[in-house]
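Text of the file final_13.cif, holding mmCIF, C-alpha atoms:
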```cif
data_entry
#
loop_
_atom_site.label_atom_id
_atom_site.label_comp_id
_atom_site.auth_asym_id
_atom_site.auth_seq_id
_atom_site.Cartn_x
_atom_site.Cartn_y
_atom_site.Cartn_z
CA MET H 1 -1.35 -39.99 -31.97
CA THR H 2 -1.07 -42.44 -29.11
CA ILE H 3 0.85 -42.08 -25.92
CA ASP H 4 1.19 -44.92 -23.46
CA GLU H 5 -1.29 -45.06 -20.60
CA ILE H 6 0.34 -44.28 -17.29
CA LYS H 7 0.15 -46.66 -14.33
CA ASN H 8 0.83 -44.36 -11.39
CA GLY H 9 0.93 -40.66 -11.95
CA ILE H 10 -0.91 -37.49 -12.89
CA VAL H 11 -2.80 -36.28 -15.93
CA ILE H 12 -3.32 -32.54 -16.17
CA ASP H 13 -6.25 -32.23 -18.54
CA HIS H 14 -8.36 -29.49 -20.15
CA ILE H 15 -5.46 -27.05 -20.40
CA THR H 16 -6.37 -24.18 -22.69
CA ALA H 17 -4.57 -24.90 -25.99
CA GLY H 18 -1.22 -23.12 -26.02
CA LEU H 19 -0.78 -22.89 -22.24
CA GLY H 20 0.66 -26.39 -21.82
CA ILE H 21 4.26 -25.34 -22.40
CA LYS H 22 3.93 -22.48 -19.90
CA ILE H 23 2.65 -24.86 -17.23
CA TYR H 24 5.36 -27.38 -18.12
CA THR H 25 8.00 -24.70 -17.57
CA LEU H 26 6.53 -23.18 -14.39
CA LEU H 27 6.07 -26.59 -12.76
CA LYS H 28 9.71 -27.32 -13.70
CA LEU H 29 8.67 -30.64 -15.25
CA ASP H 30 11.90 -30.62 -17.28
CA HIS H 31 13.69 -31.42 -14.00
CA LEU H 32 11.84 -34.73 -13.57
CA GLU H 33 13.53 -38.08 -14.25
CA CYS H 34 10.28 -39.90 -15.16
CA SER H 35 8.44 -39.83 -18.50
CA VAL H 36 6.48 -36.67 -19.12
CA ALA H 37 4.28 -36.10 -22.15
CA LEU H 38 3.13 -32.67 -23.28
CA ILE H 39 0.38 -33.03 -25.83
CA LYS H 40 -0.53 -29.92 -27.77
CA ASN H 41 -3.80 -29.26 -29.56
CA ALA H 42 -5.48 -32.53 -28.68
CA PRO H 43 -9.06 -32.63 -29.97
CA SER H 44 -11.65 -31.88 -27.30
CA ARG H 45 -15.43 -32.06 -27.53
CA LYS H 46 -15.84 -29.33 -24.91
CA MET H 47 -13.00 -27.02 -25.89
CA GLY H 48 -12.36 -27.75 -29.57
CA LYS H 49 -8.71 -28.30 -28.80
CA LYS H 50 -6.76 -28.54 -25.58
CA ASP H 51 -3.33 -29.32 -24.17
CA ILE H 52 -2.67 -32.28 -21.88
CA ILE H 53 0.31 -33.12 -19.66
CA LYS H 54 0.90 -36.70 -18.49
CA ILE H 55 3.42 -37.33 -15.73
CA ASP H 56 4.42 -40.93 -15.10
CA ALA H 57 5.09 -40.52 -11.37
CA ASP H 58 3.14 -39.54 -8.29
CA ILE H 59 4.65 -36.14 -7.56
CA GLU H 60 3.55 -33.15 -5.44
CA LEU H 61 1.96 -30.63 -7.76
CA ASN H 62 1.88 -26.91 -7.09
CA THR H 63 -1.82 -26.42 -7.79
CA ASP H 64 -1.49 -22.66 -7.14
CA ILE H 65 0.45 -22.36 -10.37
CA LEU H 66 -2.20 -24.34 -12.25
CA GLY H 67 -5.05 -22.30 -10.80
CA TYR H 68 -3.33 -19.02 -11.63
CA ILE H 69 -2.45 -19.91 -15.23
CA ASP H 70 -5.66 -21.70 -16.13
CA PRO H 71 -8.38 -22.26 -13.49
CA ASP H 72 -10.42 -24.54 -15.82
CA ILE H 73 -7.83 -27.29 -15.63
CA THR H 74 -8.65 -30.73 -14.19
CA VAL H 75 -6.07 -32.89 -12.46
CA ASN H 76 -6.50 -36.68 -12.56
CA ILE H 77 -4.61 -38.89 -10.15
CA ILE H 78 -3.87 -42.31 -11.60
CA LYS H 79 -3.16 -45.33 -9.36
CA ASN H 80 -2.63 -48.83 -10.80
CA GLY H 81 -3.90 -47.65 -14.15
CA LYS H 82 -7.17 -46.31 -12.68
CA ASN H 83 -8.34 -42.73 -12.36
CA ILE H 84 -8.88 -42.56 -8.59
CA GLU H 85 -9.37 -38.83 -8.19
CA LYS H 86 -10.45 -35.98 -10.45
CA LYS H 87 -9.66 -32.56 -8.99
CA ARG H 88 -11.00 -29.21 -10.17
CA ILE H 89 -8.56 -26.40 -9.60
CA GLU H 90 -9.67 -23.20 -7.88
CA LEU H 91 -8.24 -19.74 -8.34
CA PRO H 92 -5.67 -19.63 -5.50
CA GLU H 93 -6.02 -16.98 -2.76
CA LYS H 94 -2.26 -16.57 -2.52
CA LEU H 95 0.64 -17.16 -4.91
CA THR H 96 4.11 -17.71 -3.52
CA ASN H 97 7.08 -17.57 -5.89
CA VAL H 98 4.97 -18.10 -9.00
CA ILE H 99 5.19 -14.62 -10.49
CA THR H 100 7.48 -11.70 -9.71
CA CYS H 101 6.67 -8.08 -8.94
CA LYS H 102 7.47 -5.72 -11.80
CA ASN H 103 7.27 -2.50 -9.75
CA PRO H 104 10.82 -1.09 -9.64
CA ARG H 105 9.91 0.72 -6.40
CA CYS H 106 8.91 -2.50 -4.62
CA ILE H 107 11.11 -3.83 -1.80
CA SER H 108 10.93 -7.31 -3.36
CA THR H 109 12.81 -6.10 -6.44
CA THR H 110 15.79 -5.00 -4.31
CA GLU H 111 15.82 -7.68 -1.64
CA GLN H 112 15.79 -10.75 -3.78
CA GLU H 113 15.65 -13.26 -0.97
CA LEU H 114 12.14 -12.15 -0.08
CA PRO H 115 9.47 -14.60 -1.23
CA GLN H 116 7.38 -13.17 -4.07
CA ILE H 117 3.88 -13.21 -2.63
CA PHE H 118 0.74 -12.13 -4.45
CA LYS H 119 -2.80 -12.04 -3.06
CA LEU H 120 -6.05 -12.42 -4.95
CA THR H 121 -7.80 -9.06 -4.47
CA ASP H 122 -10.53 -9.26 -7.12
CA LYS H 123 -11.80 -12.74 -7.88
CA GLU H 124 -14.19 -11.62 -10.60
CA ASN H 125 -11.47 -9.97 -12.67
CA ARG H 126 -8.69 -12.34 -11.49
CA VAL H 127 -6.57 -9.51 -10.12
CA TYR H 128 -3.54 -10.41 -8.02
CA ARG H 129 -1.61 -7.76 -6.09
CA CYS H 130 1.87 -7.85 -4.64
CA LEU H 131 1.72 -8.35 -0.86
CA TYR H 132 4.39 -5.68 -0.33
CA CYS H 133 3.61 -2.82 -2.72
CA GLU H 134 0.09 -3.77 -3.92
CA ALA H 135 1.09 -3.37 -7.59
CA ASP H 136 -1.03 -5.65 -9.76
CA ALA H 137 0.45 -8.67 -11.47
CA LYS H 138 0.75 -7.94 -15.15
CA MET L 1 1.69 -7.14 19.25
CA ARG L 2 0.36 -4.83 16.63
CA SER L 3 1.91 -2.68 13.88
CA LEU L 4 0.47 0.00 11.61
CA ILE L 5 1.41 -0.37 7.97
CA ASP L 6 -1.75 0.73 6.18
CA ILE L 7 -4.49 3.03 7.46
CA ALA L 8 -7.08 0.40 6.43
CA GLU L 9 -5.83 -1.80 9.30
CA LEU L 10 -7.49 0.56 11.77
CA SER L 11 -11.21 0.11 12.37
CA LEU L 12 -13.46 3.15 12.54
CA GLU L 13 -13.72 2.61 16.30
CA GLU L 14 -9.93 2.59 16.62
CA ILE L 15 -9.65 5.79 14.59
CA ASP L 16 -12.32 7.37 16.79
CA SER L 17 -10.41 6.29 19.86
CA LEU L 18 -7.12 7.72 18.49
CA LEU L 19 -8.87 11.01 17.68
CA ALA L 20 -10.32 11.13 21.19
CA THR L 21 -6.92 10.43 22.78
CA ALA L 22 -5.26 13.11 20.61
CA ASN L 23 -7.91 15.65 21.61
CA ASP L 24 -7.40 14.73 25.25
CA ILE L 25 -3.61 15.16 24.87
CA ILE L 26 -4.23 18.63 23.40
CA ASP L 27 -6.42 19.53 26.38
CA ASN L 28 -4.33 17.83 29.11
CA PRO L 29 -0.70 17.46 27.95
CA GLN L 30 0.56 17.07 31.52
CA LYS L 31 -1.46 13.90 32.00
CA TYR L 32 0.57 12.20 29.27
CA SER L 33 4.06 13.53 29.99
CA GLU L 34 5.34 10.35 31.65
CA LYS L 35 3.21 7.71 29.94
CA CYS L 36 6.16 6.26 28.00
CA LYS L 37 8.85 6.71 30.63
CA GLY L 38 11.58 4.09 30.10
CA LYS L 39 10.37 3.26 26.57
CA LYS L 40 12.40 3.79 23.41
CA LEU L 41 11.27 4.67 19.92
CA ALA L 42 13.64 3.75 17.07
CA THR L 43 13.29 6.09 14.09
CA LEU L 44 14.67 4.22 11.07
CA PHE L 45 14.66 6.72 8.25
CA PHE L 46 16.16 5.31 5.04
CA GLU L 47 15.00 8.38 3.16
CA PRO L 48 15.33 12.03 4.23
CA SER L 49 12.40 13.60 6.05
CA THR L 50 12.38 16.49 8.46
CA ARG L 51 8.78 16.73 9.45
CA THR L 52 7.82 13.13 9.97
CA ARG L 53 10.97 12.15 11.84
CA LEU L 54 10.94 15.21 14.11
CA SER L 55 7.23 14.74 14.68
CA PHE L 56 7.78 11.14 15.84
CA GLU L 57 10.70 12.19 18.01
CA ALA L 58 8.80 15.11 19.56
CA ALA L 59 5.82 12.80 20.14
CA MET L 60 7.94 10.27 22.01
CA TYR L 61 9.73 12.94 24.09
CA GLU L 62 6.40 14.52 25.05
CA LEU L 63 5.30 11.11 26.29
CA GLY L 64 8.40 10.95 28.48
CA GLY L 65 10.15 8.33 26.34
CA ASN L 66 13.48 8.25 24.53
CA VAL L 67 14.48 8.11 20.89
CA LEU L 68 17.27 6.46 18.93
CA GLY L 69 17.79 5.94 15.22
CA PHE L 70 19.20 7.27 11.99
CA SER L 71 18.01 9.76 9.42
CA GLU L 72 19.51 8.50 6.18
CA ALA L 73 20.37 5.11 4.71
CA GLN L 74 24.07 6.04 4.42
CA SER L 75 24.45 6.10 8.19
CA SER L 76 22.80 2.69 8.66
CA SER L 77 23.87 -0.86 7.93
CA ALA L 78 21.69 -0.76 4.82
CA ALA L 79 24.66 0.99 3.21
CA LYS L 80 26.59 -2.25 3.82
CA GLY L 81 23.80 -4.24 2.22
CA GLU L 82 21.88 -5.37 5.30
CA SER L 83 18.34 -6.51 4.59
CA VAL L 84 15.29 -4.78 6.05
CA ALA L 85 14.41 -8.04 7.83
CA ASP L 86 17.78 -8.17 9.60
CA THR L 87 17.64 -4.49 10.54
CA ALA L 88 14.18 -5.05 12.06
CA LYS L 89 15.35 -8.07 14.07
CA THR L 90 18.38 -6.16 15.33
CA VAL L 91 16.52 -3.02 16.32
CA SER L 92 13.93 -5.16 18.14
CA CYS L 93 16.73 -5.88 20.65
CA TYR L 94 17.24 -2.19 21.39
CA ALA L 95 13.88 -0.43 21.22
CA ASP L 96 10.21 -0.87 22.15
CA ILE L 97 8.69 0.46 18.93
CA ILE L 98 9.90 1.35 15.42
CA ALA L 99 8.92 4.18 13.08
CA MET L 100 10.26 3.39 9.59
CA ARG L 101 10.49 5.50 6.46
CA HIS L 102 11.84 3.71 3.38
CA PRO L 103 12.00 4.58 -0.32
CA LYS L 104 11.00 1.02 -1.30
CA GLU L 105 7.32 0.17 -1.19
CA GLY L 106 6.48 -2.57 1.26
CA ALA L 107 9.70 -2.24 3.31
CA PRO L 108 7.86 -1.43 6.59
CA LEU L 109 5.63 -4.47 6.05
CA VAL L 110 8.74 -6.64 5.68
CA ALA L 111 10.08 -5.05 8.88
CA SER L 112 6.83 -5.79 10.74
CA MET L 113 6.95 -9.42 9.60
CA ASN L 114 10.39 -9.78 11.18
CA ALA L 115 10.42 -7.44 14.18
CA SER L 116 9.33 -8.53 17.63
CA ILE L 117 8.14 -4.99 18.46
CA PRO L 118 5.43 -2.82 16.79
CA VAL L 119 6.41 -1.14 13.50
CA ILE L 120 4.83 2.10 12.30
CA ASN L 121 5.03 2.84 8.60
CA ALA L 122 6.33 6.41 8.39
CA GLY L 123 6.08 6.40 4.57
CA ASP L 124 7.11 3.78 2.01
CA GLY L 125 7.83 5.18 -1.46
CA GLY L 126 4.68 6.20 -3.26
CA HIS L 127 2.66 3.63 -1.38
CA ASN L 128 1.35 4.39 2.14
CA HIS L 129 1.79 7.01 4.83
CA PRO L 130 -0.78 6.19 7.50
CA THR L 131 0.37 8.64 10.20
CA GLN L 132 0.04 11.53 7.75
CA THR L 133 -3.52 10.36 7.22
CA LEU L 134 -4.08 10.34 10.96
CA ALA L 135 -2.85 13.97 11.04
CA ASP L 136 -5.21 14.79 8.16
CA LEU L 137 -8.14 13.13 9.92
CA LEU L 138 -7.57 14.98 13.20
CA THR L 139 -7.36 18.26 11.28
CA ILE L 140 -10.60 17.57 9.40
CA LYS L 141 -12.30 16.45 12.61
CA ARG L 142 -11.24 19.59 14.48
CA GLU L 143 -12.08 21.94 11.60
CA LYS L 144 -15.31 20.31 10.39
CA GLY L 145 -16.53 18.42 13.44
CA GLY L 146 -16.77 15.13 11.54
CA PHE L 147 -16.33 13.37 8.21
CA ASP L 148 -19.81 12.71 6.81
CA ASN L 149 -21.22 14.68 3.83
CA LEU L 150 -17.93 16.38 2.89
CA THR L 151 -16.84 17.28 -0.62
CA VAL L 152 -13.11 16.73 -0.67
CA GLY L 153 -10.92 18.15 -3.43
CA LEU L 154 -7.55 16.45 -3.92
CA CYS L 155 -5.18 18.45 -6.06
CA GLY L 156 -1.75 17.91 -7.63
CA ASP L 157 0.03 14.60 -7.86
CA LEU L 158 -2.69 12.02 -7.40
CA LYS L 159 -0.69 9.27 -9.10
CA PHE L 160 2.35 8.97 -6.83
CA GLY L 161 0.90 10.90 -3.86
CA ARG L 162 0.77 8.29 -1.13
CA THR L 163 -0.91 10.75 1.25
CA VAL L 164 -3.76 11.10 -1.21
CA HIS L 165 -4.25 7.34 -1.56
CA SER L 166 -4.26 6.81 2.20
CA LEU L 167 -6.64 9.73 2.83
CA ILE L 168 -9.10 8.44 0.22
CA ASN L 169 -9.03 4.99 1.79
CA ALA L 170 -9.71 6.49 5.21
CA LEU L 171 -12.50 8.85 4.13
CA ARG L 172 -14.32 6.30 1.98
CA ARG L 173 -15.50 4.59 5.15
CA TYR L 174 -17.64 7.58 6.14
CA ASN L 175 -21.06 8.53 4.78
CA ASN L 176 -21.73 10.54 1.66
CA VAL L 177 -18.16 11.73 1.05
CA LYS L 178 -17.61 13.11 -2.47
CA PHE L 179 -14.18 13.20 -4.10
CA VAL L 180 -13.09 15.83 -6.63
CA LEU L 181 -9.83 14.74 -8.28
CA ILE L 182 -7.88 17.68 -9.67
CA SER L 183 -4.66 16.81 -11.49
CA PRO L 184 -2.82 17.01 -14.79
CA ASN L 185 -3.64 14.03 -17.04
CA GLU L 186 -0.21 12.51 -16.39
CA LEU L 187 -0.70 12.46 -12.62
CA LYS L 188 -4.25 11.12 -12.32
CA LEU L 189 -5.36 8.83 -9.53
CA PRO L 190 -4.41 5.20 -10.36
CA ASP L 191 -7.18 3.29 -12.14
CA TYR L 192 -7.44 0.57 -9.51
CA LEU L 193 -8.33 3.10 -6.84
CA LYS L 194 -10.78 4.93 -9.08
CA GLU L 195 -12.43 1.67 -10.10
CA SER L 196 -12.79 0.53 -6.53
CA LEU L 197 -14.39 3.87 -5.57
CA LYS L 198 -16.81 3.60 -8.48
CA LYS L 199 -17.63 0.05 -7.55
CA ASP L 200 -18.59 1.26 -4.08
CA ASN L 201 -20.84 3.90 -5.72
CA PHE L 202 -18.76 6.93 -4.73
CA GLU L 203 -19.41 10.16 -6.48
CA ILE L 204 -16.10 11.19 -8.05
CA LEU L 205 -15.37 14.03 -10.41
CA GLU L 206 -12.11 14.18 -12.35
CA THR L 207 -10.97 17.53 -13.65
CA THR L 208 -7.85 19.44 -14.60
CA ASP L 209 -9.40 22.80 -13.59
CA LEU L 210 -8.81 23.78 -9.96
CA GLU L 211 -10.69 27.09 -10.14
CA ALA L 212 -13.80 25.53 -11.64
CA ALA L 213 -13.88 22.89 -8.91
CA MET L 214 -13.23 25.36 -6.07
CA PRO L 215 -16.76 26.61 -5.18
CA ASN L 216 -18.04 23.15 -4.22
CA LEU L 217 -15.22 22.11 -1.94
CA ASP L 218 -15.36 21.74 1.84
CA ILE L 219 -11.78 20.49 1.98
CA LEU L 220 -8.98 21.26 -0.48
CA TYR L 221 -6.06 18.86 -0.07
CA MET L 222 -3.06 20.22 -1.99
CA THR L 223 -0.02 18.07 -2.75
CA ARG L 224 3.45 18.61 -4.08
CA VAL L 225 4.64 17.08 -7.33
CA GLN L 226 7.50 15.02 -5.91
CA ARG L 227 10.79 15.07 -7.79
CA GLU L 228 11.91 11.81 -6.16
CA ARG L 229 8.99 9.85 -7.71
CA PHE L 230 10.10 10.59 -11.28
CA PHE L 231 12.65 8.61 -13.24
CA ASN L 232 12.66 11.36 -15.81
CA GLU L 233 13.72 14.88 -14.76
CA GLU L 234 12.19 16.45 -17.87
CA GLU L 235 8.75 15.15 -17.03
CA TYR L 236 9.07 16.41 -13.46
CA LEU L 237 9.98 19.91 -14.65
CA ARG L 238 7.06 19.95 -17.06
CA LEU L 239 4.51 19.03 -14.40
CA LYS L 240 5.77 20.61 -11.20
CA ASP L 241 4.03 23.96 -11.64
CA SER L 242 0.67 22.54 -12.75
CA TYR L 243 -1.23 23.92 -9.77
CA ILE L 244 -0.29 26.87 -7.64
CA LEU L 245 -2.84 28.00 -5.07
CA THR L 246 -3.00 31.78 -4.72
CA PRO L 247 -5.39 34.12 -2.84
CA GLU L 248 -6.82 34.95 -6.27
CA LYS L 249 -7.85 31.35 -6.91
CA LEU L 250 -9.60 31.20 -3.54
CA LYS L 251 -12.04 34.00 -4.46
CA ASN L 252 -14.88 31.63 -5.26
CA ALA L 253 -14.14 29.16 -2.47
CA LYS L 254 -16.50 28.57 0.44
CA SER L 255 -15.89 30.78 3.47
CA ASP L 256 -15.47 27.68 5.65
CA LEU L 257 -13.17 25.79 3.26
CA SER L 258 -10.24 24.04 4.96
CA ILE L 259 -6.98 23.98 3.01
CA LEU L 260 -4.72 21.08 3.88
CA HIS L 261 -1.26 20.10 2.61
CA PRO L 262 0.93 17.29 3.93
CA LEU L 263 3.99 19.56 3.49
CA PRO L 264 6.72 20.23 2.59
CA ARG L 265 5.46 22.58 -0.07
CA VAL L 266 7.62 23.90 -2.83
CA ASN L 267 5.53 26.54 -4.53
CA GLU L 268 2.11 24.92 -4.91
CA ILE L 269 0.62 27.14 -2.19
CA SER L 270 1.82 30.72 -2.39
CA VAL L 271 2.84 32.19 0.98
CA GLY L 272 0.11 34.78 0.41
CA VAL L 273 -2.40 32.09 1.40
CA ASP L 274 -0.76 31.39 4.77
CA ASN L 275 -2.59 34.17 6.62
CA ASP L 276 -5.97 33.17 5.24
CA PRO L 277 -7.99 31.68 8.14
CA ARG L 278 -8.88 28.76 5.86
CA ALA L 279 -5.22 27.66 5.68
CA CYS L 280 -4.88 24.68 8.02
CA TYR L 281 -1.57 23.15 6.95
CA PHE L 282 0.51 24.28 9.90
CA LYS L 283 -2.21 23.17 12.33
CA GLN L 284 -2.03 19.87 10.49
CA VAL L 285 1.66 19.58 11.37
CA LEU L 286 0.87 20.03 15.06
CA ASN L 287 -2.05 17.62 14.84
CA GLY L 288 0.32 15.05 13.33
CA LYS L 289 2.40 15.07 16.49
CA TYR L 290 -0.66 14.53 18.69
CA MET L 291 -1.93 11.66 16.55
CA ARG L 292 1.52 10.02 16.61
CA MET L 293 1.47 10.31 20.41
CA ALA L 294 -1.95 8.66 20.49
CA LEU L 295 -0.76 5.93 18.10
CA ILE L 296 2.42 5.17 20.07
CA LEU L 297 0.29 4.80 23.23
CA MET L 298 -2.11 2.47 21.45
CA LEU L 299 0.57 0.24 19.89
CA LEU L 300 2.55 0.04 23.13
CA GLY L 301 -0.65 -0.81 24.98
CA VAL L 302 -0.14 2.06 27.42
CA GLU L 303 -3.38 3.04 29.18
#
```
Just give me the structure of the file as structure tokens.
Amino acid sequence: MTIDEIKNGIVIDHITAGLGIKIYTLLKLDHLECSVALIKNAPSRKMGKKDIIKIDADIELNTDILGYIDPDITVNIIKNGKNIEKKRIELPEKLTNVITCKNPRCISTTEQELPQIFKLTDKENRVYRCLYCEADAK
Amino acid sequence: MRSLIDIAELSLEEIDSLLATANDIIDNPQKYSEKCKGKKLATLFFEPSTRTRLSFEAAMYELGGNVLGFSEAQSSSAAKGESVADTAKTVSCYADIIAMRHPKEGAPLVASMNASIPVINAGDGGHNHPTQTLADLLTIKREKGGFDNLTVGLCGDLKFGRTVHSLINALRRYNNVKFVLISPNELKLPDYLKESLKKDNFEILETTDLEAAMPNLDILYMTRVQRERFFNEEEYLRLKDSYILTPEKLKNAKSDLSILHPLPRVNEISVGVDNDPRACYFKQVLNGKYMRMALILMLLGVE
């Protein structure tokens, strides 16, 4: 399957197969006017298969979302048809409005204008806890 | 400007200093009687509480200050749908310091992020209750002389019991403290807390048998199974009488055991225990007032 090369934009590569659609939704890529390609199950030497997202515009990406969903992702910035930057994504220290607290006793479930903030409390086990009630993100 | 939301925000040196101030207040109350003259404490209690609210109010009066506030959500603007953030901003215009109790976890933190005056968490749902922990610490300090090498039994509702979680987080910073966790299976200490204790190589023993655990304890911290933490009345009724401390059950306890309870109790300590010299729970109430006085002084920066 071939998809046109992009001139100026972003390629989100090495997405664990199956997670592409989740990232597409969370990044709200459906709201973009430009061409966006979501490629599922592309063959990969390293991963067997992977998902790829190509965005044909230079937009601001919320890398916190990427790091939280799949920290092995790489982000390639394309300018004039050339890959000018390859970024590795780290597990973010803080997530703002990416996930919501499921604890019915948490203040953030009643006061819905509060930002949903989670902090990384255990890097090894990738545990995030709600800033307000400390419930873990499930 | 500093608030107190979680006991972990206080360093060991700060806790030592609060304990020293509280002990000095006990010895020289007169010296402190005008320290907060002209200052106002706002007690914002969105959930009923007798002890904690009166303790804060008594603390402020004994420091020569004044108190304003409300004791239930119905008599505040929250009943009209005002946010915690707006309440905190508003009260900042009237008072010098806030003590807030709220049924929602994290509400005092939200208040502290929006207030321009210090906020003290006076209990937020099943989450934190740092000034109760300060009362517990002063009681242990006065009864035991210190915190190292103690075997501490925590009994009752260890799942929703915020006082238990805060006390564990305070005591884990001292040397060679052992925890004995006594609860029904449904009300065990949350896994995350247990795991973090194990990770820090704490000796913890989990049991459902209070009497078997008794002989080893230096401190027995009893808690109430709290009706308001259950969504299901049936489950509450099934678990509420799991542990009732009686003189009989204390037969094999150490002669210098200290029995603590954050109160109010329902029936988990029979009144027959009250005259036992090892019962410390009413001293704990008094100690709570002194620690709140010390805390108010610290947060207001009063020398």
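Residues from chain H that have an atom within 7 Å of chain L, counting all atoms listed in the file, are Arg105, Cys106, Ile107, Glu111, Tyr132 and Cys133 of chain H.
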Within 12 Å of (-2.5, -48.4, -18.1) (file coordinates; only C-alpha atoms), which protein or nucleic acid residues are there? I'd like them as a PyMOL selection string. chain H and resi 3-9+56+78-83
Any chance you could work out the residue set of the PyMOL selection byres ((chain H and resi 11) around 8) here, as a PDB file with C-alpha atoms, in the coordinates of the input?
```
ATOM      1  CA  GLY H   9       0.930 -40.660 -11.950  1.00  0.00           C
ATOM      2  CA  ILE H  10      -0.910 -37.490 -12.890  1.00  0.00           C
ATOM      3  CA  ILE H  12      -3.320 -32.540 -16.170  1.00  0.00           C
ATOM      4  CA  ASP H  13      -6.250 -32.230 -18.540  1.00  0.00           C
ATOM      5  CA  ILE H  52      -2.670 -32.280 -21.880  1.00  0.00           C
ATOM      6  CA  ILE H  53       0.310 -33.120 -19.660  1.00  0.00           C
ATOM      7  CA  LYS H  54       0.900 -36.700 -18.490  1.00  0.00           C
ATOM      8  CA  ILE H  55       3.420 -37.330 -15.730  1.00  0.00           C
ATOM      9  CA  VAL H  75      -6.070 -32.890 -12.460  1.00  0.00           C
ATOM     10  CA  ASN H  76      -6.500 -36.680 -12.560  1.00  0.00           C
ATOM     11  CA  ILE H  77      -4.610 -38.890 -10.150  1.00  0.00           C
ATOM     12  CA  ILE H  78      -3.870 -42.310 -11.600  1.00  0.00           C
TER      13      ILE H  78
END
```
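Of note, CA of Ala58 in chain L and CA of Leu295 in chain L are spaced 13.3 Å apart.
Taken over the shown file, the PyMOL selection byres ((chain H and resi 50) around 10) identifies H:Asp13, H:His14, H:Ile15, H:Thr16, H:Ala17, H:Gly18, H:Leu19, H:Gly20, H:Ile39, H:Lys40, H:Asn41, H:Ala42, H:Pro43, H:Ser44, H:Arg45, H:Lys46, H:Met47, H:Gly48, H:Lys49, H:Asp51, H:Ile52.
Closest approach to Arg51 in chain L among L:Ile219, L:Ala122, L:Ala294, L:Leu167: L:Ala122, based on all atoms listed in the file.
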Using only C-alpha atoms, which residues sit within 10 Å of Val127 in chain H once same-chain residues fewer than 2 positions away are excluded, as a PyMOL selection string? chain H and resi 118-125+129+136-138
Just how far from CA of Thr25 in chain H is CA of Asp72 in chain H, in Å to one decimal? 18.5 Å
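With all atoms listed in the file as the atoms that count, the residue of H:Cys101, H:Leu32, H:Leu38, H:Ile23 with the shortest distance to Leu66 in chain H is H:Ile23.
Those residues that approach Gln226 in chain L to within 12 Å, counting all atoms listed in the file, are Gly125, Gly126, Gly156, Asp157, Leu158, Lys159, Phe160, Gly161, Arg162, Thr163, Leu187, Phe230, Phe231, Asn232, Glu233, Glu235, Tyr236, Leu237, Leu239, Lys240, Asp241, Leu263, Pro264, Arg265, Val266, Asn267 and Glu268 of chain L; same-chain residues fewer than 4 positions away are not listed.
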Resolved residues for the PyMOL selection byres ((chain L and resi 44) around 10) as a compact mmCIF listing (two decimals) with C-alpha atoms, in the coordinates of the input:
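Output file out_39.txt follows:
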```txt
# COMPACT_ATOMS: atom_id res chain seq x y z
CA LEU L 41 11.27 4.67 19.92
CA ALA L 42 13.64 3.75 17.07
CA THR L 43 13.29 6.09 14.09
CA PHE L 45 14.66 6.72 8.25
CA PHE L 46 16.16 5.31 5.04
CA GLU L 47 15.00 8.38 3.16
CA ARG L 53 10.97 12.15 11.84
CA LEU L 68 17.27 6.46 18.93
CA GLY L 69 17.79 5.94 15.22
CA PHE L 70 19.20 7.27 11.99
CA SER L 71 18.01 9.76 9.42
CA GLU L 72 19.51 8.50 6.18
CA ALA L 73 20.37 5.11 4.71
CA SER L 76 22.80 2.69 8.66
CA THR L 87 17.64 -4.49 10.54
CA ALA L 88 14.18 -5.05 12.06
CA VAL L 91 16.52 -3.02 16.32
CA ILE L 98 9.90 1.35 15.42
CA ALA L 99 8.92 4.18 13.08
CA MET L 100 10.26 3.39 9.59
CA ARG L 101 10.49 5.50 6.46
CA HIS L 102 11.84 3.71 3.38
CA PRO L 108 7.86 -1.43 6.59
CA ALA L 122 6.33 6.41 8.39
```
Show me, as a PyMOL selection string, the residues that have an atom within 10 Å of Thr90 in chain L when counting all atoms listed in the file, minus same-chain residues fewer than 4 positions from it. chain L and resi 84-86+94-95+114-116
